[in-house]
Each structure stands twice: as structure tokens, then as C-alpha cells.
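What follows is a short report on a single structure.
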Amino acid sequence: MNVAENVTPVRRGLTIQQKKAIWAWLFLTVPIIFFVVVRFYPTFDSFYISLTEWNIVGDKLYIGLENYKRLFSDPVFWIVLSNTFEYLILGMPISLLLSFTIAYNLDKIRFGHTFLRACYFVPFLTTAVAMAWVWRWFYQAAPIGFFNNVLIDLGLHQMPFLQSTTQALPSILLPAIWAGLGFQILIFMAGLRSVPTSYLEAAKIDGAGRWQVLKEITIPHLWPTIVFLVVMSTIGFLRIFDQVFNMTVDGQGGPVNSARPLVLHIYQSAFADFEMGYAAAQTVVLFVILLFITFIQFSLMRKK
Amino acid sequence: MANIKTMPDIKKIIIWTILFIGALGMIVPLIFMFSTSLKVGEEVYNLSLIPAEPTLENYVYLFDNSEFFTWFFNSFVVAIGVTVSVLFFDSLIGYTLCKFDFRGKKIIFVAILSTMMIPTEMLVIPWYIMSKNFGWLDTYWGVMFPGMISGFGVFLMKQFFETVPDDYIHAARIDGLSEFAIWWKVAMPMVGPALSALAIFTFLGNWTAFLWPMIVSNDPSLYTVPVGLASFSGEFITEWEMIMAGASVATIPTLLVFILLQKYIVRGVVMAGLKG
């Protein structure tokens with residue numbers, strides 16, 4: 001009996017494995033508290049708030065799904081939702097096509113490469129708020145605005161840009177595309193570098209044309225990069241806010257809400273109208289849309 | 001005789017020219033912003049790229065009549081504070097999840113990853129209520145607390161700690177270093193590039209952040225640069241030369257840092273983008 005007890009390691013304290021586990025949990029204590037308090041609890045809280053009527057000062061009143069019913073019967077919400085998708089459906093393909101075309105050609109150029117790359121990348125480092133005001137100034141009527149001055153110099157009519165219900169949204173979209181282009185170009189170029197040159201040369205020897213090489217070799221190789229950038233820019237355009245808030249009068253989202261995206265609607269509902277429950281219901285809608293897109297990303301990634 | 005291969009290809013020259021024009025187009029807004037900020041009076045309406053009589057008048061007026069210095073300082077405190085915290089915690093978590101085996105590890109990792117799917121916009125209302133209840137409105141902590149640890153950074157650092165050989169860690173353990181010292185003195189120096197990539201992304205993200213800082217600060221002396229600039233521009237709405245001066249103040253420091261550190265920033269962005 002005594003002999004057996006002496007052999008067991010228990011008497012010598014904890015095993016290395018146990019010690020390491022204790023260290024691991026020690027290292028994770030603060031992070032776990034953080035993620036629970038600042039990420040998970042607020043997420044559930046948002047769901048709960050969306051089921052209440054609350055002006056932040058008084059008591060929460062549980063009203064079930066009333067906020068959602070109101071949301072889906074509110075014509076402004078549908079305008080806002082369609083604006084949000086318009087930013088996405090225009091912005092994502094245009095920015096990706098542009099950035100891919102630029103990256104594909106810039107990749108082959110040696111002369112002035114660093115300078116050109118820097119020019120394309122620099123807008124990515126700017127503050128969206130500052131650039132929104134620069135572009136807002138560009139869109140002003142003559143003699144102030146740059147674009148209208150150019151139009152007049154070319155003998156054309158002025159355009160209303162931000163004052164127009166049809167032009168406001170694309171006018172705001174342009175600086176958003178402009179600012180994000182540099183990041184996408186860099187990522188595409190890094191992806192292009194990873195395509196093995198032996199494949200490309202073999203294809204050329206086999207007599208494949210430029211388009212064929214692009215279609216059969218380059219793009220399949222870039223698939224993970226493309227999926228990554230599609231998802232990143234999709235999320236970015238669905239969450240557009242800074243530009244719209246700063247480029248429209250009083251941050252209202254353009255004439256008769258014509259350029260108002262979902263996040264701006266959330267902000268106005270919560271922090272201008274103090275309808276917390278109604279705003280929270282909108283954040284839940286945003287969450288569901290983003291979750292759906294992440295799900296599609298995972299299935300696309302698995303395909304290749 | 002020039003070899004045919006070395007002769008400049010017409011097609012290449014055309015492509016280069018198009019790319020060059022495009023590149024200039026990209027920076028034109030920045031050049032106009034800066035040149036207009038140096039103009040006063042009627043010259044503002046003259047859209048020349050180089051001001052006839054450049055003056056710093058707008059900047060002097062701006063610094064005298066707004067709290068831009070304070071906003072700058074605030075932005076620095078917030079962006080540096082968050083970046084230091086993210087670097088510390090994200091690399092500690094990433095290291096723990098990479099190099100330790102313990103029950104529940106997978107759940108913790110998946111839980112942290114899943115937070116990347118929660119949009120900030122969904123959290124701002126609860127964060128605002130939290131800040132209001134705890135008295136964090138109009139404080140640095142109020143602006144900073146939501147970003148102190150990021151799921152993205154944990155994911156990035158975990159991947160980079162995979163490149164640290166386990167032998168080094170075992171050797172350090174045999175030498176009697178504590179687990180904390182092994183992480184700090186052995187593992188951390190080996191993931192320098194990843195740390196600088198994470199630092200660049202975190203700093204830039206916080207330097208330009210707008211929605212949450214605007215919500216949490218009502219007191220102009222606690223605004224960050226983007227929030228201050230938005231309120232300043234709203235006030236000076238027809239004086240575009242003043243707005244351009246403000247936009248320049250917000251933009252030019254980051255551009256100078258970029259020019260100095262271009263190589264590292266480009267590498268860092270690519271690294272964080274590809275691994276993230």
C-alpha cells in the first residue's frame with residue numbers, strides 16, 4: 001500500500017499538463033470576461049431590446065414582435081433597405097473589377113511600380129470623414145464645385161449630384177469605392193504573385209491565349225483571394241455610414257432619404273429619435289443579413 | 001543593334017500611361033484638398049492646383065478657433081491605448097490557443113472567432129447604455145473599451161504563433177522560465193512582423209473611427225479628430241477653405257507616416273489581409 005502511494009505522481013503536486021492548463025486559464029481570464037461583457041452580453045441585449053419599446057430614460061416595455069411588424073410595414077425602411085443593397089450591388093462589383101484590372105496590369109510593370117502603387121493605396125489611409133467633406137465640396141454647384149466647373153468648361157449642363165434623388169447615392173458611393181480600391185489592389189497583387197510562374201509558362205508554350213490563361217489558371221488560383229475580397233467589400237458596403245452621414249445635409253441621408261443606408265437609419269432611430277427598441281430591431285436585421293453572407297462565404301470557400 | 005525583346009512594347013507603354021493617369025486621378029482629391037487649404041478669399045473659387053499666394057491663414061484660424069489640438073491629442077491617446085491593449089491581449093490569447101492544450105480550448109477559440117460576425121452597429125446601443133450606467137460617457141475609456149481586444153487579432157496571432165517551433169518553448173521551460181516569460185521573451189520576438197501588421201491595422205481603424213466615438217462623446221473637448229472634424233465642418237459649412245484645412249490636418253499626418261514607412265505598411269496590410 002505504502003509503496004504504491006509513493007509511486008503515484010500525485011504526491012509531487014501537479015503534472016506539467018495540469019500546470020499548463022492553469023496557466024492557460026489564467027491568461028484567458030481577462031479576455032473571457034471581456035468577450036462575455038463587451039461582445040456576447042450586448043448581442044443578446046440587442047435582441048431583447050428589439051422586443052421592447054424604450055426611449056432610454058423610462059422603463060422598457062415588452063411589446064413582443066411589434067417593432068419588427070412596424071419595421072416591415074414602414075415604407076422608409078424598405079427604401080433604406082433597397083438603398084443599402086444598391087450601395088452593395090453597384091459598389092462591390094465595380095470596385096472589384098477595377099481593382100483586379102489595375103492589379104493585373106500593375107503587376108507586370110516595373111518602371112515606377114512603387115510610385116504607382118503608392119498613389120493607388122494612399123486613399124485607403126485617409127479618414128472617411130475628412131474625405132467625405134472633400135468630395136462633398138467637389139459636388140457643389142459652380143463656381144464652387146470641381147465637377148460642375150469641369151462640366152461647364154466642357155460646355156455641358158451642371159448636375160445636381162448630392163441634391164438629386166437619383167444622383168445622391170452614386171455620388172456618395174464613388175468616394176467609398178475610391179477609398180477602398182488601394183486595399184483590394186494590394187491583396188490582388190499579393191494573390192497574383194502566388195500563382196506559380198511555371199503554370200503560366202507551360203500554358204504559354206501550349207499556345208494558350210492571354211484570356212485563356214487568365215480564365216483557366218490565374219482566376220482559379222485567385223479563388224480564395226476573390227472570395228475574401230468579395231466578402232470584405234460586401235460587409236463594407238452594407239455597413240456604409242461615415243460618407244453618407246457627412247455628405248448629406250444634417251446627416252439625413254440625402255433628399256427624401258434617397259441615399260440613406262441601414263446603419264444611418266439605425267443611428268437616427270436610436271440617437272436622434274431615441275427609439276431604442278425600433279433601432280435594435282434594425283440592428284437584428286443587419287445581423288441576419290451579415291450572418292447569411294458569412295454562411296455563403298463558408299460554402300463558397302469549401303467548394304474549391 | 002537593339003534586340004527585339006528589349007525594344008519598348010507599344011502595348012506596355014499604353015498600359016503604363018493609363019495606369020499613370022489613374023494613379024494621378026486617385027491622388028487628385030488629396031492635392032485639391034491641400035492646395036485649397038492654402039487659399040483665401042476669391043482664390044478659393046479658382047480651381048488651380050497651385051495657389052498663387054499660398055498662406056497658412058486658414059490653419060492659424062482653425063487652431064485658434066477650434067479644439068483641433070485637443071482632438072488630435074484625444075485621437076492619439078485612444079488609438080495608442082487601444083493598439084497597445086490589442087497587441088498585448090490578442091497575442092497572449094493567440095499564443096495560449098496555439099501552444100497550450102487544455103479542455104475547452106476549442107470552444108474558446110470558436111467563441112472568439114464568432115464575435116467577428118457580430119457587427120459593431122448591433123452593439124452600439126447596449127454599449128451606450130452600459131457607458132451611461134457606468135459613467136463612461138465623455139471619457140477616454142468610453143471611446144476605447146469596445147476595442148480593447150479584437151477577435152480578428154486573436155485569429156491572426158494564433159496563425160503566426162504556429163511558426164514558432166515548440167522546441168524553443170520546451171528549451172525555455174527546461175531553463176526554468178515561467179510560462180509568462182516564455183511567451184514574452186521567447187515567443188513574442190519571433191512574431192514581430194505579425195505584431196506590426198496588427199498594430200498598423202488597429203491604429204488606423206481607431207484613428208479613423210467615427211460612429212462609436214461620435215455616439216459616446218458629447219463634450220467637444222473629448223472628440224476625436226473625425227468627430228471633431230465633422231462638427232467643425234458642419235459649423236463652417238460654406239467656408240470650404242476652412243473645411244479643407246481641417247481635412248488636411250486630419251489626413252496629412254497619416255500620409256507622412258505612410259511615406260516614411262511605406263514598405264512596412266504595405267507588407268503589414270497584405271499580411272493581415274491574407275491571413276485574416
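Each chain of the C-alpha cells is named A, B, ... in the order shown, its residues numbered from 1; ligands are numbered from 1 in display order.
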
task = Select all residues from chain A having any atom no more than 6 Å from an atom of chain B (counting only C-alpha atoms, ignoring ligands), output as number ranges by chain.
result = A: 21, 24, 42, 116, 119-120, 126-127, 129-130, 144, 187, 283

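If you count only C-alpha atoms and ignore residues fewer than 2 places along the chain from stretch 98-106 of chain A, what sits within 6 Å of it is Ser95, Leu96, Lys108, Ile109, Leu181, Gln184, Ile185 and Met189 of chain A.
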
Residues as selected, N, CA and C atoms, written as a PDB file, in the first residue's frame, can you do that?
```pdb
ATOM      1  N   SER A  95     -15.930  47.975 -57.696  1.00  0.00           N
ATOM      2  CA  SER A  95     -14.637  48.130 -57.037  1.00  0.00           C
ATOM      3  C   SER A  95     -13.751  46.900 -57.283  1.00  0.00           C
ATOM      4  N   LEU A  96     -14.354  45.711 -57.309  1.00  0.00           N
ATOM      5  CA  LEU A  96     -13.526  44.520 -57.512  1.00  0.00           C
ATOM      6  C   LEU A  96     -13.017  44.423 -58.948  1.00  0.00           C
ATOM      7  N   LYS A 108       2.571  43.682 -63.810  1.00  0.00           N
ATOM      8  CA  LYS A 108       3.531  43.403 -64.878  1.00  0.00           C
ATOM      9  C   LYS A 108       4.478  44.564 -65.113  1.00  0.00           C
ATOM     10  N   ILE A 109       4.230  45.665 -64.417  1.00  0.00           N
ATOM     11  CA  ILE A 109       5.008  46.877 -64.684  1.00  0.00           C
ATOM     12  C   ILE A 109       6.129  47.036 -63.671  1.00  0.00           C
ATOM     13  N   LEU A 181     -10.251  51.022 -52.859  1.00  0.00           N
ATOM     14  CA  LEU A 181      -9.589  50.414 -54.008  1.00  0.00           C
ATOM     15  C   LEU A 181      -8.162  49.952 -53.694  1.00  0.00           C
ATOM     16  N   GLN A 184      -7.790  46.589 -51.946  1.00  0.00           N
ATOM     17  CA  GLN A 184      -8.101  45.454 -52.819  1.00  0.00           C
ATOM     18  C   GLN A 184      -6.992  45.217 -53.837  1.00  0.00           C
ATOM     19  N   ILE A 185      -6.411  46.304 -54.342  1.00  0.00           N
ATOM     20  CA  ILE A 185      -5.316  46.159 -55.314  1.00  0.00           C
ATOM     21  C   ILE A 185      -4.137  45.432 -54.670  1.00  0.00           C
ATOM     22  N   MET A 189      -2.689  41.871 -55.835  1.00  0.00           N
ATOM     23  CA  MET A 189      -1.306  41.733 -56.315  1.00  0.00           C
ATOM     24  C   MET A 189      -0.580  40.640 -55.546  1.00  0.00           C
TER      25      MET A 189
END
```

Contacts of stretch 264-281 of chain A at 9 Å or less, counting only C-alpha atoms, minus same-chain residues fewer than 5 places along, as a compact mmCIF listing (two decimals) with C-alpha atoms, in the first residue's frame?
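File around10.txt, as written:
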```
# COMPACT_ATOMS: atom_id res chain seq x y z
CA SER A 46 -29.85 43.89 -28.54
CA PHE A 47 -32.20 41.01 -29.27
CA TYR A 48 -34.03 41.70 -26.03
CA ILE A 49 -34.21 45.49 -26.57
CA SER A 50 -35.66 44.85 -30.03
CA LEU A 51 -38.68 43.29 -28.30
CA THR A 52 -39.34 46.37 -26.20
CA GLU A 53 -40.47 49.94 -26.53
CA TRP A 54 -37.93 52.13 -24.83
CA ASN A 55 -36.87 55.77 -25.01
CA ILE A 56 -33.74 55.15 -22.87
CA LYS A 60 -38.54 49.13 -21.05
CA GLU A 66 -44.29 44.89 -32.59
CA ASN A 67 -41.04 46.63 -33.65
CA TYR A 68 -40.50 44.10 -36.43
CA ARG A 70 -43.70 48.20 -37.66
CA LEU A 71 -40.37 47.91 -39.45
CA PHE A 77 -37.40 51.08 -44.03
CA VAL A 80 -33.43 52.26 -46.70
CA ARG A 239 -22.30 48.98 -43.33
CA ILE A 240 -21.67 52.25 -45.18
CA PHE A 241 -22.21 55.19 -42.83
CA ASP A 242 -19.39 57.75 -42.45
CA VAL A 244 -23.39 59.28 -46.08
CA PHE A 245 -23.58 60.99 -42.71
CA GLY A 251 -26.64 63.67 -41.86
CA GLN A 252 -30.15 62.86 -43.06
CA GLY A 253 -29.13 60.64 -45.96
CA LEU A 286 -28.43 43.83 -40.26
CA GLU B 121 -23.73 48.54 -35.17
CA MET B 122 -25.58 45.85 -33.29
CA ILE B 125 -26.97 50.59 -28.30
CA LEU B 211 -19.67 56.08 -35.37
CA ILE B 215 -22.10 58.37 -30.00
```

query = as a ChimeraX atom specification, which residues of stretch 31-260 of chain B does DSSP assign to helix (DSSP H, G or I)?
reply = /B:31-37,41-45,57-65,68-99,105-117,120-134,140-147,151-161,166-174,179-208,211-216,220-222,225-235,240-260

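Residues surrounding stretch 226-231 of chain A within 8 Å are Met92, Leu96, Gln184, Phe188, Leu222, Trp223, Thr234, Ile235, Ile293, Thr294, Gln297, Leu300 and Met301 of chain A [only C-alpha atoms; sequence separation below 3 positions excluded].
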
Apply DSSP to the backbone of this structure and, from stretch 37-268 of chain A, keep only the residues in strand (DSSP E or B); write these as an mmCIF file with N, CA and C atoms, in the first residue's frame.
```
data_model
loop_
_atom_site.group_PDB
_atom_site.id
_atom_site.type_symbol
_atom_site.label_atom_id
_atom_site.label_comp_id
_atom_site.auth_asym_id
_atom_site.auth_seq_id
_atom_site.Cartn_x
_atom_site.Cartn_y
_atom_site.Cartn_z
ATOM 1 N N THR A 52 -38.767 45.422 -27.147
ATOM 2 C CA THR A 52 -39.344 46.371 -26.197
ATOM 3 C C THR A 52 -39.561 47.733 -26.841
ATOM 4 N N GLU A 53 -40.372 48.529 -26.150
ATOM 5 C CA GLU A 53 -40.471 49.936 -26.532
ATOM 6 C C GLU A 53 -39.746 50.709 -25.441
ATOM 7 N N LEU A 61 -40.652 48.600 -22.081
ATOM 8 C CA LEU A 61 -41.968 47.993 -22.138
ATOM 9 C C LEU A 61 -41.931 46.846 -23.133
ATOM 10 N N TYR A 62 -42.191 45.624 -22.650
ATOM 11 C CA TYR A 62 -42.127 44.467 -23.544
ATOM 12 C C TYR A 62 -43.303 44.491 -24.515
#
```

task = With a distance cut-off of 12 Å and only C-alpha atoms, select the neighbouring residues of stretch 138-141 of chain A, excluding the residue or stretch itself and same-chain residues fewer than 3 positions from it, and output the selection as a ChimeraX atom specification.
result = /A:131-135,144-152,157-164,167-168,170-172,174-175,247-248 /B:28-30,32-33,36,45,47,237-238,240,244

Output C-alpha atoms for every residue in that selection, as a PDB file, in the first residue's frame.
```
ATOM      1  CA  MET A 131     -12.630  62.701 -47.492  1.00  0.00           C
ATOM      2  CA  ALA A 132     -16.423  62.861 -47.366  1.00  0.00           C
ATOM      3  CA  TRP A 133     -16.128  66.626 -46.930  1.00  0.00           C
ATOM      4  CA  VAL A 134     -13.590  66.926 -49.744  1.00  0.00           C
ATOM      5  CA  TRP A 135     -15.909  65.049 -52.087  1.00  0.00           C
ATOM      6  CA  ILE A 144     -17.518  76.164 -56.046  1.00  0.00           C
ATOM      7  CA  GLY A 145     -17.573  72.517 -57.063  1.00  0.00           C
ATOM      8  CA  PHE A 146     -14.876  70.887 -59.148  1.00  0.00           C
ATOM      9  CA  PHE A 147     -17.105  68.564 -61.181  1.00  0.00           C
ATOM     10  CA  ASN A 148     -19.593  71.242 -62.193  1.00  0.00           C
ATOM     11  CA  ASN A 149     -16.772  73.570 -63.198  1.00  0.00           C
ATOM     12  CA  VAL A 150     -15.414  70.844 -65.455  1.00  0.00           C
ATOM     13  CA  LEU A 151     -18.888  70.246 -66.915  1.00  0.00           C
ATOM     14  CA  ILE A 152     -19.258  73.966 -67.678  1.00  0.00           C
ATOM     15  CA  HIS A 157     -25.081  71.498 -68.126  1.00  0.00           C
ATOM     16  CA  GLN A 158     -24.432  71.431 -64.418  1.00  0.00           C
ATOM     17  CA  MET A 159     -25.546  68.366 -62.488  1.00  0.00           C
ATOM     18  CA  PRO A 160     -27.277  68.444 -59.090  1.00  0.00           C
ATOM     19  CA  PHE A 161     -25.278  65.466 -57.682  1.00  0.00           C
ATOM     20  CA  LEU A 162     -25.962  65.363 -53.926  1.00  0.00           C
ATOM     21  CA  GLN A 163     -29.136  67.442 -54.297  1.00  0.00           C
ATOM     22  CA  SER A 164     -30.773  64.944 -56.596  1.00  0.00           C
ATOM     23  CA  GLN A 167     -27.672  61.056 -58.239  1.00  0.00           C
ATOM     24  CA  ALA A 168     -27.051  61.354 -54.490  1.00  0.00           C
ATOM     25  CA  PRO A 170     -23.936  57.053 -56.693  1.00  0.00           C
ATOM     26  CA  SER A 171     -22.230  60.335 -55.808  1.00  0.00           C
ATOM     27  CA  ILE A 172     -21.692  59.103 -52.244  1.00  0.00           C
ATOM     28  CA  LEU A 174     -17.860  56.970 -55.575  1.00  0.00           C
ATOM     29  CA  PRO A 175     -15.620  58.140 -52.681  1.00  0.00           C
ATOM     30  CA  MET A 247     -22.032  64.195 -47.337  1.00  0.00           C
ATOM     31  CA  THR A 248     -25.760  64.793 -46.829  1.00  0.00           C
TER      32      THR A 248
ATOM     33  CA  VAL B  28      -6.147  64.495 -57.155  1.00  0.00           C
ATOM     34  CA  PRO B  29      -8.722  64.855 -54.342  1.00  0.00           C
ATOM     35  CA  LEU B  30      -5.886  64.974 -51.814  1.00  0.00           C
ATOM     36  CA  PHE B  32      -7.012  69.758 -54.242  1.00  0.00           C
ATOM     37  CA  MET B  33      -7.766  69.468 -50.562  1.00  0.00           C
ATOM     38  CA  THR B  36      -7.364  74.868 -51.358  1.00  0.00           C
ATOM     39  CA  TYR B  45     -13.141  79.583 -56.433  1.00  0.00           C
ATOM     40  CA  LEU B  47      -9.558  75.705 -59.118  1.00  0.00           C
ATOM     41  CA  ILE B 237     -20.380  74.661 -43.989  1.00  0.00           C
ATOM     42  CA  THR B 238     -19.894  77.321 -46.681  1.00  0.00           C
ATOM     43  CA  TRP B 240     -14.727  75.363 -47.923  1.00  0.00           C
ATOM     44  CA  MET B 244     -10.170  71.734 -46.450  1.00  0.00           C
TER      45      MET B 244
END
```

ask   = B:Ala187: which residues within 12 Å, counting only C-alpha atoms, same-chain residues fewer than 2 positions away excluded, as number ranges by chain?
value = B: 91-92, 94-96, 98-99, 157-158, 160-172, 179-185, 189-192, 195

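The protein and nucleic acid residues lying at most 10 Å from B:Asp138 are Ser131, Lys132, Gly135, Trp136, Tyr140, Trp141, Gly142, Val143, Pro213, Ile215, Val216, Ser217, Asn218, Asp219, Pro220, Ser221, Leu222 and Tyr223 of chain B, with only C-alpha atoms considered and sequence neighbours fewer than 2 positions away removed.
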
With C-alpha atoms kept, could you save the residues just selected as a compact mmCIF listing (two decimals), in the first residue's frame?
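Result saved to again-v1.txt:
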```
# COMPACT_ATOMS: atom_id res chain seq x y z
CA SER B 131 -21.46 53.63 -20.71
CA LYS B 132 -24.34 55.70 -19.42
CA GLY B 135 -20.45 56.92 -16.16
CA TRP B 136 -18.20 56.22 -19.13
CA TYR B 140 -11.37 58.11 -22.97
CA TRP B 141 -12.28 54.75 -21.53
CA GLY B 142 -15.75 55.08 -23.00
CA VAL B 143 -14.33 55.55 -26.50
CA PRO B 213 -16.69 57.90 -30.82
CA ILE B 215 -22.10 58.37 -30.00
CA VAL B 216 -20.11 58.17 -26.79
CA SER B 217 -18.79 61.75 -26.67
CA ASN B 218 -20.99 64.81 -26.33
CA ASP B 219 -18.36 67.07 -24.82
CA PRO B 220 -16.35 68.71 -27.67
CA SER B 221 -13.18 68.57 -25.58
CA LEU B 222 -13.38 64.76 -25.76
CA TYR B 223 -13.96 64.48 -29.50
```
